Each structure stands twice: as C-alpha cells, then as structure tokens.
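As stored in run_29.cif (mmCIF, C-alpha atoms):
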```cif
data_protein
loop_
_atom_site.label_atom_id
_atom_site.label_comp_id
_atom_site.auth_asym_id
_atom_site.auth_seq_id
_atom_site.Cartn_x
_atom_site.Cartn_y
_atom_site.Cartn_z
CA MET J 1 62.30 0.30 10.25
CA SER J 2 59.19 0.15 8.12
CA PRO J 3 57.15 -3.04 7.56
CA ALA J 4 58.48 -3.20 3.98
CA ASP J 5 62.08 -3.20 5.27
CA PRO J 6 63.66 -6.64 4.57
CA ALA J 7 65.49 -6.59 7.92
CA ALA J 8 62.22 -5.96 9.75
CA SER J 9 60.52 -8.75 7.82
CA SER J 10 63.36 -11.12 8.66
CA ALA J 11 63.18 -10.19 12.35
CA SER J 12 59.40 -10.66 12.27
CA ALA J 13 59.81 -14.07 10.66
CA VAL J 14 62.23 -15.14 13.39
CA LEU J 15 59.86 -13.86 16.10
CA ALA J 16 56.89 -15.55 14.40
CA GLU J 17 58.71 -18.87 14.34
CA ALA J 18 59.68 -18.51 18.01
CA MET J 19 56.07 -17.65 19.01
CA ARG J 20 54.24 -20.20 16.91
CA THR J 21 55.13 -23.38 18.81
CA PRO J 22 54.59 -22.06 22.37
CA LEU J 23 51.26 -20.46 21.40
CA LEU J 24 50.08 -23.61 19.69
CA ARG J 25 51.13 -25.78 22.65
CA LEU J 26 49.41 -23.45 25.11
CA TYR J 27 46.19 -23.45 23.07
CA ARG J 28 46.20 -27.24 22.66
CA ARG J 29 46.98 -27.84 26.32
CA MET J 30 44.23 -25.49 27.46
CA ARG J 31 41.73 -27.18 25.12
CA ARG J 32 42.78 -30.66 26.22
CA GLU J 33 42.64 -29.81 29.93
CA THR J 34 39.27 -28.06 29.76
CA GLN J 35 37.27 -29.78 27.04
CA ASP J 36 33.54 -30.31 27.40
CA GLY J 37 33.28 -34.00 26.52
CA ASP J 38 29.86 -33.70 24.86
CA VAL J 39 30.72 -30.78 22.59
CA SER J 40 33.53 -30.70 20.02
CA PRO J 41 35.97 -27.78 19.91
CA LEU J 42 34.34 -26.58 16.66
CA GLN J 43 30.90 -26.76 18.25
CA ASN J 44 32.16 -24.78 21.26
CA LEU J 45 33.51 -22.14 18.88
CA MET J 46 30.22 -22.02 16.95
CA LEU J 47 28.25 -21.79 20.20
CA VAL J 48 30.24 -18.71 21.23
CA LEU J 49 29.70 -17.16 17.78
CA ILE J 50 25.95 -17.82 18.05
CA ILE J 51 25.85 -16.27 21.53
CA LYS J 52 27.68 -13.18 20.26
CA ASN J 53 25.56 -13.00 17.07
CA PRO J 54 22.00 -14.12 17.89
CA GLY J 55 20.08 -14.94 14.74
CA ILE J 56 23.21 -15.73 12.71
CA GLY J 57 22.59 -18.14 9.86
CA ILE J 58 24.37 -21.33 8.94
CA GLY J 59 25.84 -19.68 5.84
CA ALA J 60 27.41 -16.90 7.89
CA LEU J 61 28.83 -19.43 10.37
CA ALA J 62 30.27 -21.45 7.50
CA GLU J 63 31.87 -18.34 6.02
CA ILE J 64 33.41 -17.29 9.36
CA GLU J 65 34.82 -20.77 9.96
CA GLY J 66 35.88 -21.32 6.34
CA LEU J 67 33.83 -24.51 6.11
CA ARG J 68 31.05 -25.72 3.86
CA GLY J 69 27.43 -25.18 4.83
CA PRO J 70 26.61 -28.91 5.01
CA THR J 71 29.49 -29.44 7.45
CA ILE J 72 28.22 -26.66 9.71
CA SER J 73 24.64 -27.88 9.31
CA GLY J 74 25.55 -31.32 10.65
CA HIS J 75 27.16 -29.81 13.73
CA ILE J 76 24.17 -27.52 14.29
CA LYS J 77 21.81 -30.51 14.17
CA GLN J 78 23.89 -32.22 16.87
CA MET J 79 23.89 -29.03 18.94
CA GLU J 80 20.11 -28.74 18.56
CA ALA J 81 19.67 -32.35 19.68
CA ALA J 82 21.86 -31.60 22.72
CA GLY J 83 19.67 -28.60 23.57
CA LEU J 84 22.44 -26.03 23.06
CA VAL J 85 20.98 -24.05 20.15
CA ALA J 86 17.58 -23.43 18.62
CA ARG J 87 16.41 -22.02 15.33
CA THR J 88 14.52 -18.74 15.12
CA PRO J 89 11.20 -18.59 13.28
CA PRO J 90 11.59 -18.34 9.48
CA ASP J 91 12.33 -14.94 7.98
CA PRO J 92 9.05 -13.52 6.59
CA GLN J 93 10.93 -12.31 3.48
CA ASP J 94 12.61 -15.69 2.88
CA ARG J 95 10.85 -18.58 4.62
CA ARG J 96 13.87 -20.83 3.97
CA ARG J 97 16.10 -18.66 6.17
CA THR J 98 16.17 -19.24 9.91
CA GLY J 99 18.67 -17.92 12.39
CA LEU J 100 20.30 -19.58 15.32
CA VAL J 101 20.19 -18.67 19.00
CA ALA J 102 21.78 -20.25 22.03
CA THR J 103 19.45 -21.85 24.52
CA PRO J 104 19.86 -21.14 28.24
CA GLU J 105 21.68 -24.49 28.48
CA GLY J 106 24.00 -23.49 25.63
CA VAL J 107 24.81 -20.19 27.34
CA ARG J 108 25.39 -22.00 30.64
CA ARG J 109 27.75 -24.52 29.03
CA ALA J 110 29.70 -21.84 27.15
CA GLU J 111 30.09 -19.77 30.32
CA ALA J 112 31.16 -22.83 32.32
CA LEU J 113 33.81 -23.69 29.74
CA ARG J 114 35.05 -20.08 29.66
CA ARG J 115 35.34 -20.06 33.48
CA GLN J 116 37.07 -23.45 33.44
CA ARG J 117 39.61 -22.21 30.88
CA THR J 118 40.19 -18.96 32.76
CA ASP J 119 40.72 -20.87 36.00
CA TRP J 120 43.11 -23.31 34.30
CA LEU J 121 45.10 -20.46 32.79
CA ALA J 122 45.20 -18.59 36.12
CA ARG J 123 46.63 -21.71 37.82
CA ARG J 124 49.30 -21.94 35.10
CA LEU J 125 50.11 -18.24 35.47
CA ASP J 126 50.55 -18.77 39.23
CA LEU J 127 53.50 -21.04 38.37
CA LEU J 128 55.37 -18.15 36.72
CA SER J 129 57.54 -15.58 38.40
CA PRO J 130 56.17 -12.05 38.88
CA ALA J 131 58.51 -10.82 36.12
CA GLU J 132 57.20 -13.47 33.71
CA ARG J 133 53.59 -12.53 34.51
CA GLN J 134 54.42 -8.84 33.97
CA ALA J 135 55.99 -9.66 30.59
CA ILE J 136 52.85 -11.52 29.54
CA GLU J 137 50.64 -8.68 30.78
CA ALA J 138 52.72 -6.17 28.81
CA ALA J 139 52.34 -8.30 25.65
CA ILE J 140 48.53 -8.57 25.82
CA PRO J 141 47.74 -5.41 23.77
CA ALA J 142 50.13 -6.49 20.99
CA LEU J 143 48.79 -10.05 21.02
CA ALA J 144 45.24 -8.71 20.82
CA ARG J 145 46.20 -6.65 17.76
CA LEU J 146 47.73 -9.74 16.13
CA GLY J 147 44.43 -11.56 16.54
CA GLU J 148 42.34 -8.82 14.92
#
```
Can you turn what I pasted into structure tokens?
Amino acid sequence: MSPADPAASSASAVLAEAMRTPLLRLYRRMRRETQDGDVSPLQNLMLVLIIKNPGIGIGALAEIEGLRGPTISGHIKQMEAAGLVARTPPDPQDRRRTGLVATPEGVRRAEALRRQRTDWLARRLDLLSPAERQAIEAAIPALARLGE
C-alpha cells in the first residue's frame, strides 16, 4: 500500500489515535516525576537547544519553539538570573545581536535532568516483561523517524 492509499491512511489514523494517548501520558508522567522545580519545562527545552546550538539567538529560539520573541526573552532573562545561560559579546556586524550560551551550571542542570529522566524511564522499563521491552526496542527506529 502506498501512503496515498485510503486504506493505508485509515490504518495510520487508527494507529495514530491508539499511540497518541499512551505517548502523551508517558511524556507527562516523566516530566512530572523528574521536573527541576526552579526551571520550567519550556526553559529546560530552551536550555538543551542552547547547549546544542551555542550562540543561538532569541529570534531563532522563538522560531524553533513557535513562540514570540518577547515571550522567549522573558524566559531567557529568568534563566540568566538563575545563572543557567549567558549572552555572548555583541556581533561586530550588528551590535544589537548577541547569542546565548549555557553556563557550566546550566550544563550541569541539563545533564542532571537528562540522567534523572533516563533513570526514571529505566525503572519503568524494568516493570515490563522481556517481550514488552523487546517490542519497544524494535519500535525505536520508527519512533525516531516519526520525530524527525
């Protein structure tokens, strides 16, 4: 069946509906169980983006997150005050433009949260049968492609 095939689309819609709720519950539960109380989920996400893209600007962060610049700017100011991010020196070509970098504390906090979430998920996986874990492992490449 090709992707344009109505039967395939119908089967995909049924699968999508079946996946949506468990994935959403898993994501919410993991976030709730492993949240850094001082940093919002959006700020954690932005911190990871800044770590992966040193020097990224507020405009680029806003575009990636689908939010307005002033919204992102407010979060960045809070993250600066918490010592998680710092601004780079102004761009010599455009003195208004500065980039963002994670501080050592920001990197430490992001890594700690990643480890905490990995540990939480590993404990949950330990509750599954070997066959269930194998099924999840087999699905990882397809799930990764869905997220691209």
Problem - For CA of Ala142 (chain J) and CA of Ala13 (chain J), the interatomic separation in Å (one decimal) - result: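 Interatomic distance here is 16.1 Å.
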Selected by the PyMOL selection byres ((chain J and resi 111-116) around 10) in the shown coordinates: which residues, as a PDB file with C-alpha atoms, in the frame of the given file?
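Now in out-v9.pdb:
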```pdb
ATOM      1  CA  MET J  30      44.230 -25.490  27.460  1.00  0.00           C
ATOM      2  CA  ARG J  31      41.730 -27.180  25.120  1.00  0.00           C
ATOM      3  CA  GLU J  33      42.640 -29.810  29.930  1.00  0.00           C
ATOM      4  CA  THR J  34      39.270 -28.060  29.760  1.00  0.00           C
ATOM      5  CA  GLN J  35      37.270 -29.780  27.040  1.00  0.00           C
ATOM      6  CA  ASP J  36      33.540 -30.310  27.400  1.00  0.00           C
ATOM      7  CA  ASN J  44      32.160 -24.780  21.260  1.00  0.00           C
ATOM      8  CA  VAL J  48      30.240 -18.710  21.230  1.00  0.00           C
ATOM      9  CA  GLU J 105      21.680 -24.490  28.480  1.00  0.00           C
ATOM     10  CA  GLY J 106      24.000 -23.490  25.630  1.00  0.00           C
ATOM     11  CA  VAL J 107      24.810 -20.190  27.340  1.00  0.00           C
ATOM     12  CA  ARG J 108      25.390 -22.000  30.640  1.00  0.00           C
ATOM     13  CA  ARG J 109      27.750 -24.520  29.030  1.00  0.00           C
ATOM     14  CA  ALA J 110      29.700 -21.840  27.150  1.00  0.00           C
ATOM     15  CA  ARG J 117      39.610 -22.210  30.880  1.00  0.00           C
ATOM     16  CA  THR J 118      40.190 -18.960  32.760  1.00  0.00           C
ATOM     17  CA  ASP J 119      40.720 -20.870  36.000  1.00  0.00           C
ATOM     18  CA  TRP J 120      43.110 -23.310  34.300  1.00  0.00           C
ATOM     19  CA  LEU J 121      45.100 -20.460  32.790  1.00  0.00           C
ATOM     20  CA  ALA J 122      45.200 -18.590  36.120  1.00  0.00           C
TER      21      ALA J 122
END
```
Practice task
Can you pull out every residue within 12 Å of Pro89 (chain J), counting all atoms listed in the file, but drop anything in the same chain fewer than 3 positions away, and send it as an MDAnalysis selection string?
Solution key: chainID J and resid 55 57 86 92:101
Problem - Ground truth for the PyMOL selection byres ((chain J and resi 71-76) around 12), written as an MDAnalysis selection string - result: chainID J and resid 39:47 50 56:70 77:87 99:102
Give the padded box for region 62-79 of chain J as JSON: axis-aligned, covering all atoms listed in the file, 8 Å on each side, centre and edge lengths in Å to one decimal.
```
{"center_x": 28.8, "center_y": -24.8, "center_z": 11.4, "size_x": 30.1, "size_y": 30.9, "size_z": 31.1}
```
Handout entry: Two-atom distance - CA of Ala18 (chain J), CA of Leu146 (chain J) (Å)
Key = 14.9 Å
Exercise for the section: For a cut-off of 12 Å around (53.1, -14.2, 18.3), file coordinates, pick out all residues using all atoms listed in the file and list them as a PyMOL selection string. Expected result: chain J and resi 12-24+136+139-147
Handout entry: Gap from CA of Thr103 (chain J) to CA of Pro54 (chain J) - Å, one decimal
Key = 10.5 Å
Practice task
Point out the residue among J:Glu148, J:Ala135, J:Asp126, J:Pro104 with the least atom-to-atom distance to Ile51 (chain J), counting all atoms listed in the file.
Solution key: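 Result for the nearest residue to Ile51 (chain J): J:Pro104.
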